[in-house]
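Asker: Just one file: upload32.txt, with compact mmCIF, N, CA and C atoms.
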```txt
# COMPACT_ATOMS: atom_id res chain seq x y z
N LYS A 29 -8.91 2.78 2.21
CA LYS A 29 -9.80 3.90 2.44
C LYS A 29 -9.05 5.08 3.05
N GLU A 30 -8.11 4.79 3.94
CA GLU A 30 -7.35 5.87 4.56
C GLU A 30 -6.46 6.56 3.54
N ALA A 31 -5.88 5.82 2.61
CA ALA A 31 -5.03 6.41 1.57
C ALA A 31 -5.87 7.29 0.64
N ILE A 32 -7.08 6.87 0.34
CA ILE A 32 -7.97 7.68 -0.49
C ILE A 32 -8.28 8.98 0.24
N ARG A 33 -8.59 8.87 1.52
CA ARG A 33 -8.90 10.06 2.32
C ARG A 33 -7.72 11.03 2.35
N LEU A 34 -6.52 10.50 2.55
CA LEU A 34 -5.33 11.36 2.59
C LEU A 34 -5.05 11.99 1.22
N SER A 35 -5.17 11.21 0.17
CA SER A 35 -4.94 11.74 -1.17
C SER A 35 -5.90 12.86 -1.49
N LYS A 36 -7.15 12.68 -1.10
CA LYS A 36 -8.16 13.72 -1.34
C LYS A 36 -7.83 14.97 -0.53
N ALA A 37 -7.49 14.80 0.74
CA ALA A 37 -7.18 15.93 1.61
C ALA A 37 -5.94 16.69 1.15
N LEU A 38 -4.96 15.97 0.63
CA LEU A 38 -3.71 16.59 0.20
C LEU A 38 -3.69 16.94 -1.28
N ASP A 39 -4.79 16.61 -1.97
CA ASP A 39 -4.86 16.79 -3.42
C ASP A 39 -3.66 16.13 -4.09
N GLY A 40 -3.37 14.91 -3.65
CA GLY A 40 -2.21 14.19 -4.15
C GLY A 40 -2.58 13.12 -5.16
N LYS A 41 -1.58 12.60 -5.82
CA LYS A 41 -1.76 11.48 -6.74
C LYS A 41 -1.78 10.21 -5.90
N LEU A 42 -2.70 9.33 -6.24
CA LEU A 42 -2.83 8.08 -5.49
C LEU A 42 -2.35 6.93 -6.36
N HIS A 43 -1.45 6.15 -5.82
CA HIS A 43 -0.95 4.95 -6.48
C HIS A 43 -1.39 3.77 -5.64
N ILE A 44 -2.13 2.85 -6.25
CA ILE A 44 -2.60 1.67 -5.55
C ILE A 44 -1.70 0.52 -5.98
N VAL A 45 -1.09 -0.13 -5.00
CA VAL A 45 -0.10 -1.16 -5.28
C VAL A 45 -0.58 -2.49 -4.73
N SER A 46 -0.57 -3.50 -5.58
CA SER A 46 -0.83 -4.86 -5.12
C SER A 46 0.39 -5.68 -5.51
N ALA A 47 0.97 -6.32 -4.52
CA ALA A 47 2.19 -7.08 -4.76
C ALA A 47 2.12 -8.42 -4.08
N SER A 48 2.56 -9.43 -4.80
CA SER A 48 2.56 -10.78 -4.27
C SER A 48 3.54 -11.61 -5.08
N LYS A 49 4.06 -12.63 -4.47
CA LYS A 49 4.92 -13.55 -5.20
C LYS A 49 4.10 -14.66 -5.84
N SER A 50 2.79 -14.67 -5.59
CA SER A 50 1.94 -15.71 -6.18
C SER A 50 1.63 -15.35 -7.64
N PRO A 51 1.31 -16.35 -8.46
CA PRO A 51 1.02 -16.08 -9.87
C PRO A 51 -0.39 -15.53 -10.10
N ASP A 52 -1.22 -15.46 -9.06
CA ASP A 52 -2.58 -14.95 -9.22
C ASP A 52 -2.57 -13.48 -9.60
N SER A 53 -3.50 -13.09 -10.44
CA SER A 53 -3.60 -11.71 -10.90
C SER A 53 -4.47 -10.89 -9.96
N PRO A 54 -3.98 -9.74 -9.52
CA PRO A 54 -4.76 -8.89 -8.62
C PRO A 54 -5.59 -7.84 -9.36
N GLU A 55 -5.71 -7.97 -10.68
CA GLU A 55 -6.34 -6.93 -11.49
C GLU A 55 -7.74 -6.55 -11.01
N SER A 56 -8.57 -7.52 -10.64
CA SER A 56 -9.94 -7.17 -10.22
C SER A 56 -9.93 -6.41 -8.90
N ALA A 57 -9.05 -6.78 -7.98
CA ALA A 57 -8.96 -6.05 -6.71
C ALA A 57 -8.44 -4.63 -6.94
N LEU A 58 -7.49 -4.49 -7.83
CA LEU A 58 -6.97 -3.15 -8.14
C LEU A 58 -8.03 -2.29 -8.80
N ALA A 59 -8.80 -2.88 -9.73
CA ALA A 59 -9.87 -2.14 -10.40
C ALA A 59 -10.93 -1.69 -9.39
N ALA A 60 -11.27 -2.55 -8.45
CA ALA A 60 -12.25 -2.20 -7.42
C ALA A 60 -11.73 -1.06 -6.54
N ALA A 61 -10.47 -1.12 -6.17
CA ALA A 61 -9.89 -0.06 -5.34
C ALA A 61 -9.83 1.26 -6.10
N ALA A 62 -9.47 1.21 -7.38
CA ALA A 62 -9.43 2.43 -8.19
C ALA A 62 -10.83 3.01 -8.36
N ALA A 63 -11.84 2.14 -8.51
CA ALA A 63 -13.22 2.60 -8.63
C ALA A 63 -13.68 3.26 -7.34
N GLU A 64 -13.29 2.69 -6.20
CA GLU A 64 -13.63 3.28 -4.90
C GLU A 64 -13.00 4.67 -4.77
N ALA A 65 -11.76 4.80 -5.22
CA ALA A 65 -11.10 6.11 -5.19
C ALA A 65 -11.83 7.10 -6.09
N ALA A 66 -12.19 6.65 -7.29
CA ALA A 66 -12.91 7.52 -8.24
C ALA A 66 -14.24 7.98 -7.66
N ASP A 67 -14.92 7.08 -6.95
CA ASP A 67 -16.19 7.44 -6.30
C ASP A 67 -16.00 8.57 -5.28
N GLN A 68 -14.79 8.67 -4.73
CA GLN A 68 -14.48 9.71 -3.75
C GLN A 68 -13.84 10.94 -4.40
N GLY A 69 -13.76 10.93 -5.75
CA GLY A 69 -13.20 12.06 -6.47
C GLY A 69 -11.69 12.05 -6.55
N VAL A 70 -11.08 10.87 -6.35
CA VAL A 70 -9.62 10.75 -6.38
C VAL A 70 -9.22 9.89 -7.57
N SER A 71 -8.36 10.42 -8.40
CA SER A 71 -7.82 9.67 -9.53
C SER A 71 -6.69 8.77 -9.02
N ALA A 72 -6.66 7.52 -9.48
CA ALA A 72 -5.65 6.59 -8.98
C ALA A 72 -4.97 5.85 -10.12
N LEU A 73 -3.69 5.61 -9.95
CA LEU A 73 -2.92 4.75 -10.84
C LEU A 73 -2.74 3.43 -10.12
N THR A 74 -2.81 2.32 -10.84
CA THR A 74 -2.65 1.02 -10.20
C THR A 74 -1.36 0.35 -10.66
N HIS A 75 -0.82 -0.46 -9.78
CA HIS A 75 0.43 -1.18 -10.03
C HIS A 75 0.25 -2.61 -9.54
N ALA A 76 0.29 -3.57 -10.46
CA ALA A 76 0.25 -4.99 -10.10
C ALA A 76 1.66 -5.53 -10.26
N LEU A 77 2.28 -5.90 -9.16
CA LEU A 77 3.67 -6.33 -9.18
C LEU A 77 3.81 -7.72 -8.58
N HIS A 78 4.65 -8.51 -9.19
CA HIS A 78 4.96 -9.85 -8.68
C HIS A 78 6.33 -9.78 -8.03
N ASP A 79 6.32 -9.34 -6.79
CA ASP A 79 7.55 -9.08 -6.05
C ASP A 79 7.22 -9.17 -4.57
N ASP A 80 8.22 -9.10 -3.75
CA ASP A 80 8.02 -9.01 -2.31
C ASP A 80 7.19 -7.76 -2.05
N PRO A 81 6.08 -7.86 -1.30
CA PRO A 81 5.21 -6.70 -1.09
C PRO A 81 5.93 -5.46 -0.54
N ALA A 82 6.78 -5.61 0.45
CA ALA A 82 7.48 -4.46 1.01
C ALA A 82 8.38 -3.82 -0.04
N ASP A 83 9.13 -4.63 -0.76
CA ASP A 83 10.02 -4.09 -1.80
C ASP A 83 9.24 -3.39 -2.90
N ALA A 84 8.11 -3.96 -3.28
CA ALA A 84 7.29 -3.36 -4.33
C ALA A 84 6.75 -2.00 -3.89
N LEU A 85 6.23 -1.93 -2.67
CA LEU A 85 5.72 -0.66 -2.17
C LEU A 85 6.82 0.39 -2.08
N LEU A 86 7.98 -0.01 -1.60
CA LEU A 86 9.10 0.93 -1.50
C LEU A 86 9.55 1.41 -2.87
N ASP A 87 9.54 0.51 -3.85
CA ASP A 87 9.95 0.87 -5.20
C ASP A 87 8.99 1.90 -5.81
N VAL A 88 7.69 1.64 -5.70
CA VAL A 88 6.70 2.58 -6.24
C VAL A 88 6.79 3.91 -5.50
N ALA A 89 6.95 3.87 -4.19
CA ALA A 89 7.07 5.10 -3.40
C ALA A 89 8.29 5.92 -3.83
N GLU A 90 9.41 5.24 -4.03
CA GLU A 90 10.64 5.94 -4.43
C GLU A 90 10.50 6.54 -5.82
N LYS A 91 9.98 5.77 -6.76
CA LYS A 91 9.83 6.25 -8.14
C LYS A 91 8.87 7.43 -8.24
N ASN A 92 7.94 7.54 -7.29
CA ASN A 92 6.94 8.60 -7.34
C ASN A 92 7.14 9.66 -6.26
N ASP A 93 8.32 9.64 -5.62
CA ASP A 93 8.68 10.63 -4.62
C ASP A 93 7.59 10.80 -3.56
N ALA A 94 7.14 9.68 -3.03
CA ALA A 94 6.05 9.69 -2.06
C ALA A 94 6.51 10.18 -0.70
N ALA A 95 5.63 10.90 -0.04
CA ALA A 95 5.93 11.37 1.31
C ALA A 95 5.39 10.42 2.37
N ILE A 96 4.34 9.67 2.03
CA ILE A 96 3.75 8.76 3.02
C ILE A 96 3.26 7.49 2.34
N ILE A 97 3.52 6.38 2.99
CA ILE A 97 3.04 5.08 2.54
C ILE A 97 1.99 4.64 3.56
N VAL A 98 0.82 4.27 3.06
CA VAL A 98 -0.23 3.77 3.93
C VAL A 98 -0.33 2.27 3.71
N VAL A 99 -0.24 1.51 4.78
CA VAL A 99 -0.23 0.06 4.67
C VAL A 99 -1.06 -0.53 5.82
N GLY A 100 -1.67 -1.67 5.57
CA GLY A 100 -2.45 -2.35 6.60
C GLY A 100 -1.54 -2.98 7.64
N SER A 101 -2.12 -3.32 8.77
CA SER A 101 -1.34 -3.86 9.88
C SER A 101 -1.14 -5.37 9.79
N GLN A 102 -1.65 -6.04 8.76
CA GLN A 102 -1.45 -7.48 8.65
C GLN A 102 0.03 -7.81 8.68
N GLY A 103 0.35 -8.85 9.41
CA GLY A 103 1.73 -9.30 9.51
C GLY A 103 2.46 -8.79 10.72
N MET A 104 1.85 -7.88 11.45
CA MET A 104 2.52 -7.32 12.62
C MET A 104 2.36 -8.17 13.86
N HIS A 105 1.35 -9.03 13.87
CA HIS A 105 1.11 -9.89 15.03
C HIS A 105 1.92 -11.17 14.89
N ALA A 106 2.36 -11.70 15.99
CA ALA A 106 3.25 -12.86 15.99
C ALA A 106 2.70 -14.03 15.16
N ASP A 107 1.40 -14.30 15.24
CA ASP A 107 0.84 -15.44 14.52
C ASP A 107 0.71 -15.20 13.02
N GLU A 108 0.93 -13.97 12.54
CA GLU A 108 0.83 -13.65 11.13
C GLU A 108 2.19 -13.49 10.46
N ARG A 109 3.25 -13.33 11.25
CA ARG A 109 4.56 -13.00 10.67
C ARG A 109 5.07 -14.04 9.70
N ASP A 110 4.86 -15.33 10.02
CA ASP A 110 5.36 -16.37 9.13
C ASP A 110 4.66 -16.34 7.78
N TRP A 111 3.36 -16.01 7.80
CA TRP A 111 2.60 -16.00 6.55
C TRP A 111 2.86 -14.73 5.75
N PHE A 112 2.69 -13.56 6.37
CA PHE A 112 2.78 -12.30 5.66
C PHE A 112 4.17 -11.69 5.67
N GLY A 113 4.98 -12.03 6.65
CA GLY A 113 6.17 -11.25 6.90
C GLY A 113 5.70 -9.99 7.60
N ASN A 114 6.57 -9.19 8.06
CA ASN A 114 6.16 -7.96 8.72
C ASN A 114 6.38 -6.81 7.76
N ILE A 115 5.46 -6.64 6.85
CA ILE A 115 5.57 -5.64 5.79
C ILE A 115 5.68 -4.22 6.37
N PRO A 116 4.81 -3.81 7.31
CA PRO A 116 4.96 -2.46 7.85
C PRO A 116 6.34 -2.22 8.49
N ASP A 117 6.85 -3.23 9.18
CA ASP A 117 8.17 -3.10 9.80
C ASP A 117 9.25 -2.94 8.75
N LYS A 118 9.22 -3.76 7.70
CA LYS A 118 10.21 -3.67 6.63
C LYS A 118 10.17 -2.29 5.97
N ILE A 119 8.96 -1.80 5.70
CA ILE A 119 8.82 -0.50 5.03
C ILE A 119 9.34 0.61 5.92
N SER A 120 9.02 0.56 7.20
CA SER A 120 9.45 1.64 8.09
C SER A 120 10.96 1.67 8.28
N HIS A 121 11.62 0.53 8.15
CA HIS A 121 13.07 0.49 8.33
C HIS A 121 13.84 0.72 7.04
N LYS A 122 13.29 0.34 5.91
CA LYS A 122 14.01 0.44 4.65
C LYS A 122 13.69 1.71 3.87
N GLY A 123 12.52 2.28 4.08
CA GLY A 123 12.06 3.37 3.24
C GLY A 123 12.53 4.73 3.66
N THR A 124 12.26 5.71 2.79
CA THR A 124 12.58 7.10 3.07
C THR A 124 11.31 7.93 3.20
N SER A 125 10.15 7.29 3.09
CA SER A 125 8.86 7.96 3.24
C SER A 125 8.31 7.68 4.63
N SER A 126 7.44 8.56 5.08
CA SER A 126 6.72 8.29 6.33
C SER A 126 5.78 7.12 6.08
N VAL A 127 5.41 6.41 7.15
CA VAL A 127 4.55 5.24 7.04
C VAL A 127 3.37 5.40 7.99
N LEU A 128 2.17 5.19 7.45
CA LEU A 128 0.97 5.16 8.26
C LEU A 128 0.47 3.72 8.24
N ILE A 129 0.41 3.11 9.42
CA ILE A 129 -0.06 1.73 9.54
C ILE A 129 -1.52 1.79 9.99
N VAL A 130 -2.40 1.27 9.14
CA VAL A 130 -3.83 1.30 9.40
C VAL A 130 -4.25 -0.07 9.92
N PHE A 131 -4.96 -0.09 11.04
CA PHE A 131 -5.43 -1.36 11.59
C PHE A 131 -6.31 -2.05 10.56
N SER A 132 -5.97 -3.29 10.25
CA SER A 132 -6.71 -4.03 9.22
C SER A 132 -7.47 -5.20 9.80
N GLY A 133 -7.80 -5.15 11.07
CA GLY A 133 -8.60 -6.20 11.70
C GLY A 133 -7.82 -7.48 11.84
N ASP A 134 -8.56 -8.55 12.05
CA ASP A 134 -7.89 -9.84 12.22
C ASP A 134 -8.14 -10.75 11.04
N ALA A 135 -8.26 -10.14 9.83
CA ALA A 135 -8.42 -10.96 8.63
C ALA A 135 -7.13 -11.71 8.37
N SER A 136 -7.26 -12.93 7.96
CA SER A 136 -6.07 -13.70 7.63
C SER A 136 -6.07 -13.99 6.14
N GLY A 137 -4.92 -14.19 5.61
CA GLY A 137 -4.79 -14.43 4.18
C GLY A 137 -4.91 -15.91 3.85
N SER A 138 -5.03 -16.19 2.58
CA SER A 138 -5.02 -17.56 2.10
C SER A 138 -4.10 -17.62 0.91
N ASP A 139 -3.78 -18.80 0.46
CA ASP A 139 -2.89 -18.93 -0.69
C ASP A 139 -3.40 -18.06 -1.82
N GLY A 140 -2.52 -17.28 -2.40
CA GLY A 140 -2.89 -16.45 -3.54
C GLY A 140 -3.33 -15.04 -3.18
N ASP A 141 -3.55 -14.76 -1.90
CA ASP A 141 -3.94 -13.40 -1.53
C ASP A 141 -2.77 -12.47 -1.78
N ALA A 142 -3.05 -11.36 -2.41
CA ALA A 142 -2.02 -10.35 -2.67
C ALA A 142 -2.07 -9.31 -1.56
N MET A 143 -0.93 -8.91 -1.09
CA MET A 143 -0.88 -7.83 -0.12
C MET A 143 -1.05 -6.54 -0.90
N SER A 144 -1.79 -5.60 -0.36
CA SER A 144 -2.05 -4.35 -1.06
C SER A 144 -1.60 -3.17 -0.24
N GLY A 145 -1.13 -2.17 -0.89
CA GLY A 145 -0.77 -0.92 -0.26
C GLY A 145 -1.10 0.19 -1.22
N LEU A 146 -1.09 1.40 -0.75
CA LEU A 146 -1.40 2.54 -1.59
C LEU A 146 -0.30 3.56 -1.46
N VAL A 147 0.01 4.20 -2.55
CA VAL A 147 1.03 5.24 -2.54
C VAL A 147 0.47 6.45 -3.25
N ALA A 148 0.51 7.60 -2.62
CA ALA A 148 0.05 8.83 -3.26
C ALA A 148 1.22 9.78 -3.38
N GLY A 149 1.31 10.47 -4.47
CA GLY A 149 2.40 11.40 -4.67
C GLY A 149 1.93 12.75 -5.15
N ASP A 150 2.82 13.71 -5.20
CA ASP A 150 2.60 15.06 -5.70
C ASP A 150 1.39 15.72 -5.07
N ALA A 151 1.47 16.01 -3.81
CA ALA A 151 0.34 16.56 -3.08
C ALA A 151 0.18 18.05 -3.30
N GLY A 152 -0.41 18.41 -4.39
CA GLY A 152 -0.81 19.78 -4.67
C GLY A 152 0.34 20.78 -4.71
N SER A 153 0.00 22.03 -4.47
CA SER A 153 0.97 23.11 -4.61
C SER A 153 1.99 23.17 -3.49
N SER A 154 1.75 22.44 -2.41
CA SER A 154 2.70 22.48 -1.29
C SER A 154 3.96 21.71 -1.60
N GLY A 155 3.92 20.86 -2.63
CA GLY A 155 5.09 20.09 -2.99
C GLY A 155 5.27 18.84 -2.16
N GLU A 156 4.35 18.58 -1.20
CA GLU A 156 4.47 17.38 -0.39
C GLU A 156 3.75 16.25 -1.09
N ASP A 157 4.11 15.03 -0.75
CA ASP A 157 3.51 13.86 -1.36
C ASP A 157 2.87 13.00 -0.29
N ALA A 158 1.89 12.21 -0.72
CA ALA A 158 1.27 11.24 0.18
C ALA A 158 1.34 9.90 -0.48
N SER A 159 1.59 8.87 0.29
CA SER A 159 1.56 7.54 -0.31
C SER A 159 1.02 6.53 0.67
N THR A 160 0.56 5.48 0.13
CA THR A 160 0.04 4.43 0.96
C THR A 160 0.11 3.12 0.28
```
For the structure just supplied, provide its representation as structure tokens.

Answerer:
Amino acid sequence: KEAIRLSKALDGKLHIVSASKSPDSPESALAAAAAEAADQGVSALTHALHDDPADALLDVAEKNDAAIIVVGSQGMHADERDWFGNIPDKISHKGTSSVLIVFSGDASGSDGDAMSGLVAGDAGSSGEDAST
């Protein structure tokens, strides 16, 4: 929701990324997220990747010259690191885009859950990009 808000405010392109090493398909979750963006007047491109979530987000951000990556806070707490890894930490250290970490509550994942992030690019006439 925060990435949609930023994309709308910056008149940027929104890229919704779902990445997981599991074989489960995230297509329905991506379609729902794109529909939510459309409801807010934001056009979104979706990316379903079977890769490390942090690497996938960084790859999409780099290919789309993103200025900001918006990611949930899952994996930042000690009891979640083994399951999720610390995706926000990896992105903030490896990437060249700014990172906005949005509090994602205390939801925990289960086998097959895909980590999701959003990336927005080409933010209007200012030439800045937003990503999440």

Asker: Can you list, as number ranges by chain, every protein, DNA or RNA residue that comes within 7 Å of Leu85 (chain A) when you count all atoms listed in the file, leaving out same-chain residues fewer than 4 positions away?

Answerer: A: 45, 47, 80-81, 89-90, 145

Asker: Residues of region 35-103 of chain A in alpha helix (DSSP H) according to DSSP, as a short mmCIF file (atom, residue, chain, number, x, y, z; two decimals) with N, CA and C atoms, in the frame of the given file?

Answerer:
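File written: result.cif
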```cif
data_model
loop_
_atom_site.label_atom_id
_atom_site.label_comp_id
_atom_site.auth_asym_id
_atom_site.auth_seq_id
_atom_site.Cartn_x
_atom_site.Cartn_y
_atom_site.Cartn_z
N SER A 35 -5.17 11.21 0.17
CA SER A 35 -4.94 11.74 -1.17
C SER A 35 -5.90 12.86 -1.49
N LYS A 36 -7.15 12.68 -1.10
CA LYS A 36 -8.16 13.72 -1.34
C LYS A 36 -7.83 14.97 -0.53
N ALA A 37 -7.49 14.80 0.74
CA ALA A 37 -7.18 15.93 1.61
C ALA A 37 -5.94 16.69 1.15
N LEU A 38 -4.96 15.97 0.63
CA LEU A 38 -3.71 16.59 0.20
C LEU A 38 -3.69 16.94 -1.28
N GLU A 55 -5.71 -7.97 -10.68
CA GLU A 55 -6.34 -6.93 -11.49
C GLU A 55 -7.74 -6.55 -11.01
N SER A 56 -8.57 -7.52 -10.64
CA SER A 56 -9.94 -7.17 -10.22
C SER A 56 -9.93 -6.41 -8.90
N ALA A 57 -9.05 -6.78 -7.98
CA ALA A 57 -8.96 -6.05 -6.71
C ALA A 57 -8.44 -4.63 -6.94
N LEU A 58 -7.49 -4.49 -7.83
CA LEU A 58 -6.97 -3.15 -8.14
C LEU A 58 -8.03 -2.29 -8.80
N ALA A 59 -8.80 -2.88 -9.73
CA ALA A 59 -9.87 -2.14 -10.40
C ALA A 59 -10.93 -1.69 -9.39
N ALA A 60 -11.27 -2.55 -8.45
CA ALA A 60 -12.25 -2.20 -7.42
C ALA A 60 -11.73 -1.06 -6.54
N ALA A 61 -10.47 -1.12 -6.17
CA ALA A 61 -9.89 -0.06 -5.34
C ALA A 61 -9.83 1.26 -6.10
N ALA A 62 -9.47 1.21 -7.38
CA ALA A 62 -9.43 2.43 -8.19
C ALA A 62 -10.83 3.01 -8.36
N ALA A 63 -11.84 2.14 -8.51
CA ALA A 63 -13.22 2.60 -8.63
C ALA A 63 -13.68 3.26 -7.34
N GLU A 64 -13.29 2.69 -6.20
CA GLU A 64 -13.63 3.28 -4.90
C GLU A 64 -13.00 4.67 -4.77
N ALA A 65 -11.76 4.80 -5.22
CA ALA A 65 -11.10 6.11 -5.19
C ALA A 65 -11.83 7.10 -6.09
N ALA A 66 -12.19 6.65 -7.29
CA ALA A 66 -12.91 7.52 -8.24
C ALA A 66 -14.24 7.98 -7.66
N ASP A 67 -14.92 7.08 -6.95
CA ASP A 67 -16.19 7.44 -6.30
C ASP A 67 -16.00 8.57 -5.28
N PRO A 81 6.08 -7.86 -1.30
CA PRO A 81 5.21 -6.70 -1.09
C PRO A 81 5.93 -5.46 -0.54
N ALA A 82 6.78 -5.61 0.45
CA ALA A 82 7.48 -4.46 1.01
C ALA A 82 8.38 -3.82 -0.04
N ASP A 83 9.13 -4.63 -0.76
CA ASP A 83 10.02 -4.09 -1.80
C ASP A 83 9.24 -3.39 -2.90
N ALA A 84 8.11 -3.96 -3.28
CA ALA A 84 7.29 -3.36 -4.33
C ALA A 84 6.75 -2.00 -3.89
N LEU A 85 6.23 -1.93 -2.67
CA LEU A 85 5.72 -0.66 -2.17
C LEU A 85 6.82 0.39 -2.08
N LEU A 86 7.98 -0.01 -1.60
CA LEU A 86 9.10 0.93 -1.50
C LEU A 86 9.55 1.41 -2.87
N ASP A 87 9.54 0.51 -3.85
CA ASP A 87 9.95 0.87 -5.20
C ASP A 87 8.99 1.90 -5.81
N VAL A 88 7.69 1.64 -5.70
CA VAL A 88 6.70 2.58 -6.24
C VAL A 88 6.79 3.91 -5.50
N ALA A 89 6.95 3.87 -4.19
CA ALA A 89 7.07 5.10 -3.40
C ALA A 89 8.29 5.92 -3.83
N GLU A 90 9.41 5.24 -4.03
CA GLU A 90 10.64 5.94 -4.43
C GLU A 90 10.50 6.54 -5.82
N LYS A 91 9.98 5.77 -6.76
CA LYS A 91 9.83 6.25 -8.14
C LYS A 91 8.87 7.43 -8.24
#
```

Asker: Counting only C-alpha atoms, which residues have an atom no more than 10 Å from (-0.2, -3.9, -11.8) in the file's coordinates? Please list them as number ranges by chain.

Answerer: A: 44-47, 53-55, 58-59, 73-78

Asker: Take CA of Ile97 (chain A) and CA of Glu64 (chain A) and report the distance between them in Å, one decimal.

Answerer: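 These atoms are spaced 18.3 Å apart.
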
Asker: Please indicate the distance in Å from CA of Ala94 (chain A) to atom C of Ala72 (chain A), rounded to one decimal place.

Answerer: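 Pair CA of Ala94 (chain A) / atom C of Ala72 (chain A) returns 14.2 Å.
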
Asker: Which residue, A:Ile96, A:Ala37, A:Ser71, A:Ala31, has the smallest gap to Val127 (chain A) when you use only C-alpha atoms?

Answerer: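 Distance minimum relative to Val127 (chain A) lands on A:Ile96.
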
Asker: May I ask for the distance between CA of Leu34 (chain A) and atom N of Val70 (chain A), given in Å to one decimal place?

Answerer: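 Those two atoms sit 10.6 Å apart.
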
Asker: Pick the closest to Gly69 (chain A) from A:Phe131, A:Ser125, A:Lys36, A:Lys49: which is it, counting only N, CA and C atoms?

Answerer: A:Lys36
